[in-house]
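The structure appears right after this line, and notes come after that.
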Amino acid sequence: MGYDIKTTIETDKCTGCGKCVAVCPYDALQVIDGKARVTGDKSMHCGQCVAVCPENAVRVTDLVVPTLKGTYPNEAAALFESVMHRRSCRDYRRDELSATEFEDLITFGQWAPSGTNAQKWQFTVIPSRAAMERYAEAISGFFRKLNRQAENPMLRLLSKLFMKDVLGNYYARYYGQVADSLNRWDEKREDLLFHGATGAIVISMKPGAFCAHDDALMAAQNICLGAHSMGIGSCLIGFAVEAMKRDPKIAQTIGIPGDETVFAVIALGRPKFEYPHPSGRFPVSARYFNG
């Protein structure tokens, strides 16, 4: 996984603080002789290094910082500032969120729109680091089994013949990353799934929702923006969602009944670092239909 790296560092600005090294999810940077250096060849192009650098010394080629072009009320500018600076947090402190903070985050989620105003979402809170580790063990059990299957050439051949090569595609794209994550969890208790988050909110939908997937993800976005406004870090964990969809026992482990479908898992906690800059986005060109 990953893309060819396009990160550059202005060494005359760099103070060697190491924050960019700490937040890089691909371990593509190192501090050498007191300066941050690009040492890897793959990147997520997430711009975490750009956002965290206090000296504004890091760039990722192709990322730009879009701005609003019109003039709007102050509320629009404040909202855009929050949207622009929200990060997917992958480094958390050890202190946990309070029950009140979890309840307020859920309130943010409740104010999302829903198809036909069904509001069929259900929020399951995992409130502590200890509970997160038990939850992570349940998910890692699924991926251990999946990796064992993917290692088997005969099963990959059968998958290619009869299952549209699902297992082969997984083996090519994710097997190595998952194997490394499991090894680092087993050997060092290094959490590459939830990044050390001290809590999470799982969003599932009860039967009867007209647009279940859309409703859940809009609630998730509200929670992530609400978390940012409260000084709380958040990160959507797609691997956890996939595991729970394919193994219903994981959902049952955390109290989600069988008639609900999980659509989002949001890792939460107090960020270890401040991010003074927006990271940027790939340029987009809108398509217009004029009738």
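Following the order of the structure tokens, first chain is A, next is B, and so on, with residues numbered from 1 inside each chain and ligands from 1 in the order they appear.
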
I'd like to know which residues of region 67-246 of chain A are strand (DSSP E) (by DSSP, run on the backbone); could you write them as a VMD selection string?
chain A and resid 121 to 126 199 to 205 233 to 236

Write out as a list in words the residues lying within 8 Å of region 124-138 of chain A, counting only C-alpha atoms and excluding same-chain residues fewer than 2 positions away.
Glu96, Leu97, Ala99, Phe102, Gln122, Ser140, Gly141, Phe142, Leu193, Phe194, Gly196, Ala197, Thr198, Gly199, Ala200, Ile201, Val202, Ile203, Ser204, Ile250, Thr253, Ile254, Gly255 and Ile256 of chain A

Given the selection you just returned, output its residues as a file containing N, CA and C atoms, formatted as a PDB file, in the first residue's frame.
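As written to disk, part_23.pdb reads:
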```pdb
ATOM      1  N   GLU A  96      -7.859   9.527  29.593  1.00  0.00           N
ATOM      2  CA  GLU A  96      -9.090   9.097  28.912  1.00  0.00           C
ATOM      3  C   GLU A  96     -10.146  10.198  28.896  1.00  0.00           C
ATOM      4  N   LEU A  97     -11.106  10.057  28.002  1.00  0.00           N
ATOM      5  CA  LEU A  97     -12.214  10.997  27.922  1.00  0.00           C
ATOM      6  C   LEU A  97     -13.207  10.729  29.050  1.00  0.00           C
ATOM      7  N   ALA A  99     -17.165  10.642  30.699  1.00  0.00           N
ATOM      8  CA  ALA A  99     -18.485  10.206  30.246  1.00  0.00           C
ATOM      9  C   ALA A  99     -19.250  11.363  29.610  1.00  0.00           C
ATOM     10  N   PHE A 102     -18.109  11.876  25.984  1.00  0.00           N
ATOM     11  CA  PHE A 102     -18.702  10.892  25.085  1.00  0.00           C
ATOM     12  C   PHE A 102     -20.166  11.236  24.784  1.00  0.00           C
ATOM     13  N   GLN A 122     -27.477   3.937  16.148  1.00  0.00           N
ATOM     14  CA  GLN A 122     -27.216   3.527  17.524  1.00  0.00           C
ATOM     15  C   GLN A 122     -25.719   3.739  17.773  1.00  0.00           C
ATOM     16  N   SER A 140      -8.364  -8.298  15.964  1.00  0.00           N
ATOM     17  CA  SER A 140      -7.130  -8.935  15.492  1.00  0.00           C
ATOM     18  C   SER A 140      -7.327 -10.434  15.272  1.00  0.00           C
ATOM     19  N   GLY A 141      -8.215 -11.059  16.064  1.00  0.00           N
ATOM     20  CA  GLY A 141      -8.509 -12.476  15.851  1.00  0.00           C
ATOM     21  C   GLY A 141      -9.072 -12.732  14.465  1.00  0.00           C
ATOM     22  N   PHE A 142      -9.925 -11.834  13.997  1.00  0.00           N
ATOM     23  CA  PHE A 142     -10.468 -11.966  12.639  1.00  0.00           C
ATOM     24  C   PHE A 142      -9.359 -11.889  11.606  1.00  0.00           C
ATOM     25  N   LEU A 193      -3.741  -0.407  14.863  1.00  0.00           N
ATOM     26  CA  LEU A 193      -5.139  -0.402  14.448  1.00  0.00           C
ATOM     27  C   LEU A 193      -5.842   0.847  14.948  1.00  0.00           C
ATOM     28  N   PHE A 194      -5.787   1.077  16.260  1.00  0.00           N
ATOM     29  CA  PHE A 194      -6.450   2.243  16.860  1.00  0.00           C
ATOM     30  C   PHE A 194      -5.468   3.338  17.254  1.00  0.00           C
ATOM     31  N   GLY A 196      -3.412   3.695  19.583  1.00  0.00           N
ATOM     32  CA  GLY A 196      -3.318   4.035  20.992  1.00  0.00           C
ATOM     33  C   GLY A 196      -4.481   4.856  21.520  1.00  0.00           C
ATOM     34  N   ALA A 197      -5.560   4.959  20.750  1.00  0.00           N
ATOM     35  CA  ALA A 197      -6.734   5.722  21.208  1.00  0.00           C
ATOM     36  C   ALA A 197      -7.252   5.148  22.517  1.00  0.00           C
ATOM     37  N   THR A 198      -7.762   6.028  23.370  1.00  0.00           N
ATOM     38  CA  THR A 198      -8.252   5.599  24.677  1.00  0.00           C
ATOM     39  C   THR A 198      -9.757   5.342  24.691  1.00  0.00           C
ATOM     40  N   GLY A 199     -10.415   5.532  23.563  1.00  0.00           N
ATOM     41  CA  GLY A 199     -11.849   5.272  23.488  1.00  0.00           C
ATOM     42  C   GLY A 199     -12.310   5.224  22.042  1.00  0.00           C
ATOM     43  N   ALA A 200     -13.573   4.898  21.855  1.00  0.00           N
ATOM     44  CA  ALA A 200     -14.132   4.848  20.504  1.00  0.00           C
ATOM     45  C   ALA A 200     -15.648   4.933  20.580  1.00  0.00           C
ATOM     46  N   ILE A 201     -16.237   5.345  19.478  1.00  0.00           N
ATOM     47  CA  ILE A 201     -17.689   5.268  19.286  1.00  0.00           C
ATOM     48  C   ILE A 201     -17.943   4.454  18.028  1.00  0.00           C
ATOM     49  N   VAL A 202     -18.733   3.398  18.170  1.00  0.00           N
ATOM     50  CA  VAL A 202     -19.127   2.564  17.036  1.00  0.00           C
ATOM     51  C   VAL A 202     -20.539   2.968  16.632  1.00  0.00           C
ATOM     52  N   ILE A 203     -20.723   3.282  15.353  1.00  0.00           N
ATOM     53  CA  ILE A 203     -22.040   3.681  14.852  1.00  0.00           C
ATOM     54  C   ILE A 203     -22.637   2.532  14.063  1.00  0.00           C
ATOM     55  N   SER A 204     -23.773   2.049  14.537  1.00  0.00           N
ATOM     56  CA  SER A 204     -24.513   1.007  13.828  1.00  0.00           C
ATOM     57  C   SER A 204     -25.900   1.543  13.511  1.00  0.00           C
ATOM     58  N   ILE A 250     -17.856 -10.278  16.593  1.00  0.00           N
ATOM     59  CA  ILE A 250     -17.141  -9.124  17.144  1.00  0.00           C
ATOM     60  C   ILE A 250     -18.130  -8.083  17.641  1.00  0.00           C
ATOM     61  N   THR A 253     -19.620  -9.090  20.799  1.00  0.00           N
ATOM     62  CA  THR A 253     -18.674  -8.953  21.910  1.00  0.00           C
ATOM     63  C   THR A 253     -18.830  -7.609  22.614  1.00  0.00           C
ATOM     64  N   ILE A 254     -19.140  -6.550  21.859  1.00  0.00           N
ATOM     65  CA  ILE A 254     -19.273  -5.228  22.474  1.00  0.00           C
ATOM     66  C   ILE A 254     -20.743  -4.822  22.651  1.00  0.00           C
ATOM     67  N   GLY A 255     -21.639  -5.805  22.553  1.00  0.00           N
ATOM     68  CA  GLY A 255     -23.039  -5.560  22.896  1.00  0.00           C
ATOM     69  C   GLY A 255     -23.936  -5.106  21.774  1.00  0.00           C
ATOM     70  N   ILE A 256     -23.505  -5.234  20.525  1.00  0.00           N
ATOM     71  CA  ILE A 256     -24.340  -4.839  19.390  1.00  0.00           C
ATOM     72  C   ILE A 256     -25.145  -6.047  18.933  1.00  0.00           C
TER      73      ILE A 256
END
```

Helix (DSSP H, G or I) residues, from DSSP on the backbone, in region 38-287 of chain A, as a ChimeraX atom specification:
/A:48-52,74-85,99-110,115-117,129-151,153-162,166-173,175-188,212-229,238-246,248-253

Could you name the residues that touch region 235-237 of chain A at 7 Å or less, counting only C-alpha atoms, but leaving out those on the same chain fewer than 6 positions away, as a ChimeraX atom specification?
/A:88-89,264-268

Using only C-alpha atoms: which of A:Lys6, A:Lys145, A:Lys69, A:Arg94 has the shortest distance to Asp247 (chain A)
A:Lys145

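Minimum atom-to-atom distance to Gln48 (chain A), evaluated using only C-alpha atoms, belongs to A:Tyr275 out of A:Phe123, A:Tyr275, A:Tyr288, A:Tyr170.
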
9 Å contact set for Gly115 (chain A), only C-alpha atoms, chain neighbours under 6 positions out, as an NGL selection string
:A and (209-212 or 214-215)

Close residues, Glu274 (chain A) itself excluded, 10 Å, only C-alpha atoms, min 6 positions apart in chain, as number ranges by chain:
A: 19, 51-54, 231

Dump of C-alpha atoms for the selected residues, as a short mmCIF file (atom, residue, chain, number, x, y, z; two decimals), in the first residue's frame:
```
data_model
loop_
_atom_site.label_atom_id
_atom_site.label_comp_id
_atom_site.auth_asym_id
_atom_site.auth_seq_id
_atom_site.Cartn_x
_atom_site.Cartn_y
_atom_site.Cartn_z
CA LYS A 19 7.28 15.80 15.47
CA ALA A 51 0.30 20.04 9.66
CA VAL A 52 2.40 19.26 12.75
CA CYS A 53 5.60 21.12 11.85
CA PRO A 54 5.87 24.22 14.07
CA GLY A 231 -9.98 19.48 21.49
#
```
